[in-house]
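K.L.:
I am sharing entry.cif, which consists of mmCIF, C-alpha atoms:
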```cif
data_entry
#
loop_
_atom_site.label_atom_id
_atom_site.label_comp_id
_atom_site.auth_asym_id
_atom_site.auth_seq_id
_atom_site.Cartn_x
_atom_site.Cartn_y
_atom_site.Cartn_z
CA MET A 28 86.19 82.88 90.38
CA GLU A 29 86.34 81.39 93.85
CA PRO A 30 85.20 83.76 96.61
CA PHE A 31 88.09 85.38 98.46
CA VAL A 32 88.15 87.47 101.62
CA TRP A 33 90.91 90.07 101.57
CA CYS A 34 92.89 90.87 104.68
CA GLY A 35 92.02 94.40 105.79
CA ILE A 36 88.88 96.29 104.86
CA THR A 37 86.92 96.75 101.70
CA PRO A 38 84.80 99.86 102.31
CA ALA A 39 81.08 99.58 101.67
CA LYS A 40 79.63 100.75 98.37
CA SER A 41 76.32 102.07 99.71
CA ALA A 42 76.16 105.82 100.20
CA ASN A 43 73.41 105.31 102.78
CA GLU A 44 75.72 103.53 105.21
CA ASP A 45 77.43 105.36 108.07
CA ILE A 46 80.98 106.64 107.92
CA VAL A 47 82.94 104.23 110.10
CA PRO A 48 86.40 104.62 111.66
CA LEU A 49 88.88 101.88 110.83
CA THR A 50 90.39 99.90 113.66
CA ASP A 51 94.12 99.84 114.30
CA GLN A 52 94.21 96.28 112.94
CA GLU A 53 92.44 97.31 109.74
CA ILE A 54 94.84 100.22 109.23
CA ALA A 55 97.87 98.02 109.89
CA ALA A 56 96.74 95.62 107.15
CA PHE A 57 97.48 98.34 104.56
CA LEU A 58 101.12 98.79 105.60
CA PRO A 59 102.63 96.29 103.10
CA TYR A 60 100.86 98.10 100.26
CA THR A 61 102.05 101.48 101.52
CA HIS A 62 105.59 100.10 101.29
CA TYR A 63 105.04 98.76 97.78
CA ALA A 64 103.51 102.01 96.51
CA ALA A 65 106.56 103.89 97.82
CA VAL A 66 108.98 101.40 96.20
CA ALA A 67 107.54 102.25 92.78
CA TYR A 68 109.45 105.55 92.86
CA CYS A 69 112.69 103.56 92.51
CA PRO A 70 114.30 102.88 89.10
CA PRO A 71 114.05 99.34 87.70
CA ALA A 72 117.64 98.33 88.55
CA VAL A 73 117.03 99.12 92.22
CA THR A 74 113.66 97.39 92.29
CA LEU A 75 114.92 94.25 90.55
CA ALA A 76 117.78 94.05 93.05
CA TRP A 77 115.27 94.75 95.86
CA SER A 78 117.77 97.17 97.36
CA CYS A 79 115.65 100.27 98.01
CA GLY A 80 116.23 100.54 101.75
CA GLU A 81 113.60 100.40 104.48
CA ASN A 82 110.58 99.78 102.24
CA CYS A 83 112.29 96.79 100.63
CA GLU A 84 113.80 95.59 103.89
CA ALA A 85 110.29 95.40 105.36
CA HIS A 86 109.59 92.59 102.86
CA PRO A 87 112.86 90.64 102.58
CA ASP A 88 111.25 87.61 100.93
CA PHE A 89 109.62 89.60 98.12
CA ILE A 90 110.55 88.26 94.68
CA PRO A 91 110.76 90.84 91.84
CA ILE A 92 109.58 89.48 88.49
CA ALA A 93 109.92 92.44 86.13
CA ALA A 94 110.36 96.21 86.20
CA GLY A 95 110.57 99.00 83.66
CA GLY A 96 110.01 102.64 82.79
CA ASP A 97 112.37 105.59 82.64
CA GLY A 98 110.67 107.88 85.14
CA ASP A 99 110.00 110.46 82.42
CA ASN A 100 108.24 109.33 79.27
CA THR A 101 107.11 106.17 81.07
CA GLN A 102 106.65 105.97 84.83
CA PHE A 103 108.66 103.34 86.68
CA TRP A 104 106.72 100.13 87.32
CA PHE A 105 107.32 96.73 88.82
CA VAL A 106 105.66 93.34 89.23
CA GLY A 107 106.64 90.82 91.89
CA TYR A 108 105.48 88.06 94.21
CA ASP A 109 104.85 88.43 97.93
CA PRO A 110 105.13 84.94 99.46
CA ASP A 111 103.75 86.13 102.81
CA GLN A 112 100.50 87.29 101.21
CA GLU A 113 100.74 84.66 98.42
CA GLU A 114 99.91 87.28 95.82
CA ILE A 115 101.27 89.15 92.83
CA VAL A 116 101.97 92.82 93.53
CA VAL A 117 101.90 95.45 90.77
CA SER A 118 102.88 99.08 91.17
CA HIS A 119 103.53 102.23 89.11
CA GLN A 120 105.44 105.36 90.03
CA GLY A 121 103.32 108.36 90.92
CA THR A 122 103.70 111.90 89.63
CA ASN A 123 107.16 113.36 90.07
CA PHE A 124 106.65 117.09 89.68
CA SER A 125 110.36 117.62 88.95
CA LEU A 126 109.69 116.03 85.55
CA LEU A 127 107.52 117.92 83.09
CA LEU A 128 106.06 115.23 80.88
CA PRO A 129 104.05 113.31 83.50
CA VAL A 130 102.57 116.60 84.69
CA LEU A 131 101.48 117.45 81.15
CA GLU A 132 99.76 114.09 80.93
CA ASP A 133 98.05 114.78 84.25
CA VAL A 134 96.31 117.80 82.71
CA ASN A 135 95.44 116.01 79.47
CA ILE A 136 91.89 115.50 80.64
CA ILE A 137 90.08 114.88 77.36
CA PRO A 138 88.32 111.51 77.86
CA ARG A 139 88.44 108.60 75.43
CA HIS A 140 87.51 104.95 75.13
CA LEU A 141 89.85 102.25 76.37
CA ASN A 142 91.71 100.05 73.88
CA PRO A 143 89.29 97.20 73.03
CA THR A 144 92.15 94.73 72.58
CA LEU A 145 93.32 95.29 76.14
CA PHE A 146 89.84 95.92 77.56
CA PRO A 147 87.45 93.71 75.61
CA GLY A 148 83.71 93.95 75.92
CA LEU A 149 83.42 97.33 77.64
CA SER A 150 80.44 99.53 77.00
CA GLN A 151 80.98 102.47 74.68
CA ASP A 152 79.58 104.63 77.48
CA ILE A 153 82.80 104.13 79.44
CA LEU A 154 85.31 106.97 79.00
CA VAL A 155 88.59 107.62 80.82
CA HIS A 156 91.23 110.34 81.07
CA SER A 157 93.08 110.13 77.75
CA GLY A 158 96.54 110.97 79.09
CA TRP A 159 96.40 108.21 81.68
CA ALA A 160 94.91 105.73 79.22
CA ASP A 161 97.72 106.49 76.75
CA HIS A 162 100.33 106.08 79.45
CA GLN A 163 98.85 102.84 80.80
CA GLU A 164 98.86 101.35 77.29
CA ARG A 165 102.64 101.84 77.04
CA THR A 166 103.28 99.30 79.77
CA ALA A 167 100.08 97.21 79.74
CA SER A 168 101.46 94.32 77.67
CA ASP A 169 104.68 94.07 79.68
CA VAL A 170 102.85 94.33 83.00
CA LEU A 171 100.27 91.74 81.95
CA THR A 172 102.97 89.35 80.70
CA ALA A 173 104.95 89.67 83.94
CA THR A 174 101.79 89.12 85.97
CA LYS A 175 100.94 85.99 84.00
CA THR A 176 104.51 84.78 84.54
CA GLY A 177 104.13 85.20 88.28
CA ILE A 178 100.78 83.44 88.32
CA SER A 179 102.23 80.51 86.40
CA LYS A 180 105.48 80.30 88.38
CA PHE A 181 104.12 80.75 91.89
CA GLY A 182 100.54 79.53 91.52
CA ALA A 183 99.21 82.87 92.74
CA ARG A 184 95.46 83.40 92.62
CA LYS A 185 95.50 86.99 93.87
CA ILE A 186 96.78 90.29 92.48
CA THR A 187 97.07 93.52 94.45
CA VAL A 188 97.79 96.78 92.66
CA ALA A 189 99.43 99.13 95.20
CA VAL A 190 99.97 102.64 93.82
CA HIS A 191 100.16 106.38 94.55
CA SER A 192 99.05 109.54 92.69
CA LEU A 193 99.36 109.27 88.88
CA GLY A 194 100.51 105.71 89.53
CA ALA A 195 97.16 105.10 91.20
CA ALA A 196 95.33 106.27 88.06
CA LEU A 197 97.40 103.88 85.94
CA GLY A 198 96.96 101.17 88.53
CA LEU A 199 93.17 101.41 88.56
CA LEU A 200 93.24 100.85 84.81
CA ASP A 201 95.58 97.89 85.42
CA ALA A 202 93.09 96.47 87.90
CA VAL A 203 90.35 96.62 85.26
CA LEU A 204 92.76 95.04 82.75
CA PHE A 205 93.43 92.12 85.12
CA TYR A 206 89.72 91.74 85.88
CA LEU A 207 88.97 91.38 82.18
CA GLN A 208 92.05 89.42 81.08
CA LEU A 209 92.48 87.13 84.12
CA PRO A 210 88.94 86.23 85.21
CA ASP A 211 90.02 83.36 87.48
CA VAL A 212 92.25 85.57 89.65
CA ALA A 213 91.05 87.82 92.48
CA VAL A 214 92.02 91.46 91.94
CA ARG A 215 92.51 94.11 94.60
CA PHE A 216 93.34 97.80 94.17
CA VAL A 217 94.91 99.86 96.97
CA GLY A 218 95.51 103.40 95.75
CA TYR A 219 96.88 106.40 97.64
CA ALA A 220 95.88 109.91 96.50
CA LEU A 221 93.92 108.56 93.52
CA PRO A 222 92.81 111.26 91.06
CA ARG A 223 89.56 110.67 89.20
CA VAL A 224 90.13 108.33 86.28
CA GLY A 225 86.90 108.08 84.29
CA ASN A 226 83.30 109.07 83.87
CA GLN A 227 80.20 107.91 85.72
CA SER A 228 79.92 104.79 83.57
CA PHE A 229 83.52 103.87 84.39
CA ALA A 230 82.97 104.38 88.12
CA ASP A 231 79.78 102.31 87.98
CA PHE A 232 81.56 99.53 86.07
CA VAL A 233 84.30 99.35 88.70
CA ASP A 234 81.71 99.27 91.48
CA ALA A 235 79.79 96.47 89.76
CA SER A 236 82.93 94.39 89.19
CA SER A 237 84.56 92.04 91.68
CA ILE A 238 87.62 94.30 92.00
CA ALA A 239 88.16 95.08 95.69
CA VAL A 240 88.82 98.83 95.62
CA THR A 241 90.26 101.00 98.38
CA HIS A 242 91.52 104.52 97.65
CA ILE A 243 93.14 106.30 100.58
CA ASN A 244 93.21 110.10 100.72
CA ASN A 245 95.38 112.08 103.13
CA MET A 246 93.85 115.05 104.92
CA GLU A 247 93.37 118.03 102.55
CA ASP A 248 95.21 116.59 99.54
CA LEU A 249 93.66 118.24 96.49
CA VAL A 250 94.69 115.63 93.90
CA PRO A 251 91.73 113.29 94.67
CA ILE A 252 89.24 116.02 93.65
CA LEU A 253 90.86 116.30 90.20
CA PRO A 254 89.77 116.25 87.43
CA GLY A 255 86.60 117.98 88.59
CA ARG A 256 83.16 116.41 88.58
CA PHE A 257 81.97 119.31 86.44
CA LEU A 258 84.09 117.75 83.66
CA GLY A 259 82.20 114.48 84.01
CA TYR A 260 84.76 112.58 86.11
CA HIS A 261 83.70 110.41 89.07
CA HIS A 262 85.42 108.21 91.64
CA PRO A 263 84.37 104.62 92.23
CA SER A 264 83.37 103.67 95.75
CA GLY A 265 85.93 102.64 98.34
CA GLU A 266 87.32 105.87 99.77
CA VAL A 267 89.21 105.85 103.06
CA HIS A 268 89.97 109.35 104.34
CA ILE A 269 92.79 110.12 106.78
CA GLN A 270 91.55 112.88 109.07
CA ASP A 271 93.59 115.78 110.47
CA SER A 272 93.51 113.83 113.73
CA SER A 273 95.25 110.93 111.90
CA SER A 274 92.20 108.69 112.31
CA TRP A 275 91.09 106.74 109.21
CA VAL A 276 87.42 106.55 108.21
CA SER A 277 85.60 104.59 105.53
CA CYS A 278 83.52 106.83 103.25
CA PRO A 279 80.79 104.80 101.53
CA GLY A 280 79.54 105.52 98.03
CA GLN A 281 81.03 107.53 95.20
CA ASP A 282 82.46 110.99 95.99
CA ASN A 283 80.88 111.05 99.45
CA PRO A 284 80.02 114.70 100.25
CA SER A 285 80.48 114.39 104.03
CA LYS A 286 82.98 116.77 105.60
CA ASP A 287 84.64 113.65 107.01
CA CYS A 288 85.46 112.62 103.42
CA THR A 289 87.55 114.27 100.72
CA VAL A 290 84.82 115.89 98.61
CA GLY A 291 83.30 117.58 101.65
CA ASP A 292 86.63 118.40 103.26
CA VAL A 293 88.20 119.78 100.06
CA PRO A 294 85.29 121.20 98.02
CA THR A 295 87.63 123.18 95.73
CA ILE A 296 91.36 123.32 95.07
CA PHE A 297 91.50 126.48 97.18
CA GLN A 298 90.76 124.43 100.30
CA GLY A 299 93.38 121.86 99.33
CA ASN A 300 96.89 121.43 100.66
CA PHE A 301 99.29 119.84 98.20
CA SER A 302 101.79 119.17 101.00
CA ASN A 303 99.43 116.39 102.12
CA HIS A 304 99.77 114.63 98.77
CA ASN A 305 102.89 112.56 99.50
CA GLY A 306 101.72 111.63 102.98
CA PRO A 307 102.89 110.57 105.35
CA TYR A 308 100.86 107.39 105.05
CA GLN A 309 101.54 105.22 108.11
CA GLY A 310 104.74 107.20 108.61
CA ILE A 311 105.87 106.71 104.99
CA LEU A 312 106.40 109.57 102.54
CA MET A 313 105.90 108.94 98.83
CA GLY A 314 107.85 110.57 96.03
CA GLU A 315 111.46 109.48 96.38
CA CYS A 316 113.30 106.18 96.27
#
```
Any chance you could give the structure as structure tokens?
P.N.:
Amino acid sequence: MEPFVWCGITPAKSANEDIVPLTDQEIAAFLPYTHYAAVAYCPPAVTLAWSCGENCEAHPDFIPIAAGGDGDNTQFWFVGYDPDQEEIVVSHQGTNFSLLLPVLEDVNIIPRHLNPTLFPGLSQDILVHSGWADHQERTASDVLTATKTGISKFGARKITVAVHSLGAALGLLDAVLFYLQLPDVAVRFVGYALPRVGNQSFADFVDASSIAVTHINNMEDLVPILPGRFLGYHHPSGEVHIQDSSSWVSCPGQDNPSKDCTVGDVPTIFQGNFSNHNGPYQGILMGEC
């Protein structure tokens, strides 16, 4: 894979490095992906027509390639091409708590191995949340096919997965899928309110890969501390934490315990505030089309 420098910031992976505020320019670089993560809450017909209102209007040249899901048994998803960034964009709908089934999958925390056909060559030490793995498998073939179509049609050499909440969990698995299945393409993950997806071996694998990971947590949102570390779940590196002051800081390492970062700021669910879960992120609320 040719080396590629992403626009924006890729937080450091060393826990010994200082927590650093992001500049206004670095924060602004995430705005397109905030839009795309919000668009994923729209049904496929709206996404394919690119008629979702302000979030779509912010990217008038975006070209939808494929979309699917029913918002219930299968979260909405879409794949498209951003000609401004010259990259494929992939997104999944986050958790809609007005629908029961996705919530039930959120609490299905028994870990399992990933499908070896989709994820070849992974160590047997790697385990992930079974509900999210099951859900990601439902769309993996369609998402991968649409992504390959975009790469072939537009000559894209970059993929960014831009996702929120449960969609971020599915999207991190997508990022690993692309890393394994499309080794000549640079893969980036930008997740908002990412819950923990897998065990220590999974987090270490993601850190050791070339996937550029950023997961952005808003204030006292409790979702990023779930499932708990006492169950064996761990985040990969790459956290950015939005402070109560609205400043953004890069939190190096996995599950950084600083009070400036989510684990230190929200040590238990009792210190969490679920109203922070949908944002706003850069003035954008997630959760509705």
K.L.:
Using the chain letters and residue numbers of this document, give as a ChimeraX atom specification the residues selected by the PyMOL selection byres ((chain A and resi 253) around 12).
P.N.:
/A:133-136,156,192-193,196,220-225,248-252,254-262,282,289-290,293-296,299
K.L.:
What does the distance between CA of Asn142 in chain A and CA of Tyr206 in chain A come to in Å, to one decimal place?
P.N.:
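Answer for the CA of Asn142 in chain A to CA of Tyr206 in chain A separation: 14.7 Å.
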K.L.:
Can you spell out as an MDAnalysis selection string the set of residues that the PyMOL selection byres ((chain A and resi 174) around 9) selects in the structure I just provided?
P.N.:
chainID A and resid 92:93 106:107 115:117 169:173 175:179 186 205
K.L.:
So how far away is CA of Leu75 in chain A from CA of Phe105 in chain A, in Å?
P.N.:
8.2 Å
K.L.:
Enumerate, as a PyMOL selection string, the residues matched when the PyMOL selection byres ((chain A and resi 184) around 8) is run on the file above.
P.N.:
chain A and resi 113-114+178+182-183+185-186+211-213
K.L.:
Reconstruct range 159-184 of chain A at the level of N, CA, C and O atoms, and format the result as a PDB file, in the frame of the given file.
P.N.:
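After the write, rebuild19.pdb holds the following:
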```
ATOM      1  N   TRP A 159      96.103 109.392  80.865  1.00  0.00           N
ATOM      2  CA  TRP A 159      96.400 108.210  81.680  1.00  0.00           C
ATOM      3  C   TRP A 159      96.169 106.929  80.902  1.00  0.00           C
ATOM      4  O   TRP A 159      96.908 105.959  81.053  1.00  0.00           O
ATOM      5  N   ALA A 160      95.136 106.908  80.061  1.00  0.00           N
ATOM      6  CA  ALA A 160      94.910 105.730  79.220  1.00  0.00           C
ATOM      7  C   ALA A 160      96.082 105.513  78.264  1.00  0.00           C
ATOM      8  O   ALA A 160      96.556 104.379  78.073  1.00  0.00           O
ATOM      9  N   ASP A 161      96.573 106.598  77.647  1.00  0.00           N
ATOM     10  CA  ASP A 161      97.720 106.490  76.750  1.00  0.00           C
ATOM     11  C   ASP A 161      98.941 105.954  77.494  1.00  0.00           C
ATOM     12  O   ASP A 161      99.658 105.072  76.993  1.00  0.00           O
ATOM     13  N   HIS A 162      99.160 106.483  78.683  1.00  0.00           N
ATOM     14  CA  HIS A 162     100.330 106.080  79.450  1.00  0.00           C
ATOM     15  C   HIS A 162     100.216 104.618  79.899  1.00  0.00           C
ATOM     16  O   HIS A 162     101.193 103.860  79.828  1.00  0.00           O
ATOM     17  N   GLN A 163      99.040 104.219  80.346  1.00  0.00           N
ATOM     18  CA  GLN A 163      98.850 102.840  80.800  1.00  0.00           C
ATOM     19  C   GLN A 163      99.066 101.853  79.662  1.00  0.00           C
ATOM     20  O   GLN A 163      99.617 100.761  79.866  1.00  0.00           O
ATOM     21  N   GLU A 164      98.677 102.236  78.450  1.00  0.00           N
ATOM     22  CA  GLU A 164      98.860 101.350  77.290  1.00  0.00           C
ATOM     23  C   GLU A 164     100.333 101.070  77.013  1.00  0.00           C
ATOM     24  O   GLU A 164     100.684 100.010  76.507  1.00  0.00           O
ATOM     25  N   ARG A 165     101.211 102.023  77.324  1.00  0.00           N
ATOM     26  CA  ARG A 165     102.640 101.840  77.040  1.00  0.00           C
ATOM     27  C   ARG A 165     103.226 100.646  77.777  1.00  0.00           C
ATOM     28  O   ARG A 165     104.156 100.009  77.296  1.00  0.00           O
ATOM     29  N   THR A 166     102.711 100.371  78.944  1.00  0.00           N
ATOM     30  CA  THR A 166     103.280  99.300  79.770  1.00  0.00           C
ATOM     31  C   THR A 166     102.329  98.115  79.940  1.00  0.00           C
ATOM     32  O   THR A 166     102.723  97.112  80.532  1.00  0.00           O
ATOM     33  N   ALA A 167     101.100  98.219  79.435  1.00  0.00           N
ATOM     34  CA  ALA A 167     100.080  97.210  79.740  1.00  0.00           C
ATOM     35  C   ALA A 167     100.511  95.800  79.332  1.00  0.00           C
ATOM     36  O   ALA A 167     100.348  94.845  80.104  1.00  0.00           O
ATOM     37  N   SER A 168     101.072  95.650  78.141  1.00  0.00           N
ATOM     38  CA  SER A 168     101.460  94.320  77.670  1.00  0.00           C
ATOM     39  C   SER A 168     102.569  93.731  78.532  1.00  0.00           C
ATOM     40  O   SER A 168     102.528  92.553  78.914  1.00  0.00           O
ATOM     41  N   ASP A 169     103.579  94.559  78.854  1.00  0.00           N
ATOM     42  CA  ASP A 169     104.680  94.070  79.680  1.00  0.00           C
ATOM     43  C   ASP A 169     104.212  93.730  81.091  1.00  0.00           C
ATOM     44  O   ASP A 169     104.622  92.711  81.667  1.00  0.00           O
ATOM     45  N   VAL A 170     103.364  94.580  81.652  1.00  0.00           N
ATOM     46  CA  VAL A 170     102.850  94.330  83.000  1.00  0.00           C
ATOM     47  C   VAL A 170     101.983  93.071  83.021  1.00  0.00           C
ATOM     48  O   VAL A 170     102.102  92.240  83.923  1.00  0.00           O
ATOM     49  N   LEU A 171     101.136  92.921  82.016  1.00  0.00           N
ATOM     50  CA  LEU A 171     100.270  91.740  81.950  1.00  0.00           C
ATOM     51  C   LEU A 171     101.101  90.471  81.773  1.00  0.00           C
ATOM     52  O   LEU A 171     100.839  89.443  82.426  1.00  0.00           O
ATOM     53  N   THR A 172     102.107  90.522  80.916  1.00  0.00           N
ATOM     54  CA  THR A 172     102.970  89.350  80.700  1.00  0.00           C
ATOM     55  C   THR A 172     103.694  88.964  81.986  1.00  0.00           C
ATOM     56  O   THR A 172     103.759  87.778  82.347  1.00  0.00           O
ATOM     57  N   ALA A 173     104.252  89.956  82.684  1.00  0.00           N
ATOM     58  CA  ALA A 173     104.950  89.670  83.940  1.00  0.00           C
ATOM     59  C   ALA A 173     103.995  89.108  84.991  1.00  0.00           C
ATOM     60  O   ALA A 173     104.358  88.201  85.762  1.00  0.00           O
ATOM     61  N   THR A 174     102.782  89.619  85.021  1.00  0.00           N
ATOM     62  CA  THR A 174     101.790  89.120  85.970  1.00  0.00           C
ATOM     63  C   THR A 174     101.425  87.679  85.662  1.00  0.00           C
ATOM     64  O   THR A 174     101.343  86.832  86.574  1.00  0.00           O
ATOM     65  N   LYS A 175     101.237  87.377  84.389  1.00  0.00           N
ATOM     66  CA  LYS A 175     100.940  85.990  84.000  1.00  0.00           C
ATOM     67  C   LYS A 175     102.110  85.068  84.348  1.00  0.00           C
ATOM     68  O   LYS A 175     101.900  83.928  84.776  1.00  0.00           O
ATOM     69  N   THR A 176     103.334  85.570  84.179  1.00  0.00           N
ATOM     70  CA  THR A 176     104.510  84.780  84.540  1.00  0.00           C
ATOM     71  C   THR A 176     104.499  84.437  86.022  1.00  0.00           C
ATOM     72  O   THR A 176     104.754  83.294  86.428  1.00  0.00           O
ATOM     73  N   GLY A 177     104.191  85.428  86.850  1.00  0.00           N
ATOM     74  CA  GLY A 177     104.130  85.200  88.280  1.00  0.00           C
ATOM     75  C   GLY A 177     103.030  84.235  88.675  1.00  0.00           C
ATOM     76  O   GLY A 177     103.228  83.371  89.543  1.00  0.00           O
ATOM     77  N   ILE A 178     101.890  84.349  88.033  1.00  0.00           N
ATOM     78  CA  ILE A 178     100.780  83.440  88.320  1.00  0.00           C
ATOM     79  C   ILE A 178     101.180  82.007  87.980  1.00  0.00           C
ATOM     80  O   ILE A 178     100.939  81.060  88.743  1.00  0.00           O
ATOM     81  N   SER A 179     101.806  81.842  86.830  1.00  0.00           N
ATOM     82  CA  SER A 179     102.230  80.510  86.400  1.00  0.00           C
ATOM     83  C   SER A 179     103.331  79.948  87.285  1.00  0.00           C
ATOM     84  O   SER A 179     103.292  78.772  87.688  1.00  0.00           O
ATOM     85  N   LYS A 180     104.313  80.774  87.628  1.00  0.00           N
ATOM     86  CA  LYS A 180     105.480  80.300  88.380  1.00  0.00           C
ATOM     87  C   LYS A 180     105.159  80.012  89.834  1.00  0.00           C
ATOM     88  O   LYS A 180     105.638  79.018  90.408  1.00  0.00           O
ATOM     89  N   PHE A 181     104.348  80.857  90.447  1.00  0.00           N
ATOM     90  CA  PHE A 181     104.120  80.750  91.890  1.00  0.00           C
ATOM     91  C   PHE A 181     102.728  80.217  92.248  1.00  0.00           C
ATOM     92  O   PHE A 181     102.434  80.024  93.427  1.00  0.00           O
ATOM     93  N   GLY A 182     101.885  80.021  91.242  1.00  0.00           N
ATOM     94  CA  GLY A 182     100.540  79.530  91.520  1.00  0.00           C
ATOM     95  C   GLY A 182      99.666  80.542  92.226  1.00  0.00           C
ATOM     96  O   GLY A 182      98.707  80.172  92.923  1.00  0.00           O
ATOM     97  N   ALA A 183      99.973  81.826  92.065  1.00  0.00           N
ATOM     98  CA  ALA A 183      99.210  82.870  92.740  1.00  0.00           C
ATOM     99  C   ALA A 183      97.800  82.964  92.176  1.00  0.00           C
ATOM    100  O   ALA A 183      97.600  82.851  90.970  1.00  0.00           O
ATOM    101  N   ARG A 184      96.851  83.210  93.048  1.00  0.00           N
ATOM    102  CA  ARG A 184      95.460  83.400  92.620  1.00  0.00           C
ATOM    103  C   ARG A 184      94.943  84.783  93.022  1.00  0.00           C
ATOM    104  O   ARG A 184      93.747  85.040  92.966  1.00  0.00           O
TER     105      ARG A 184
END
```
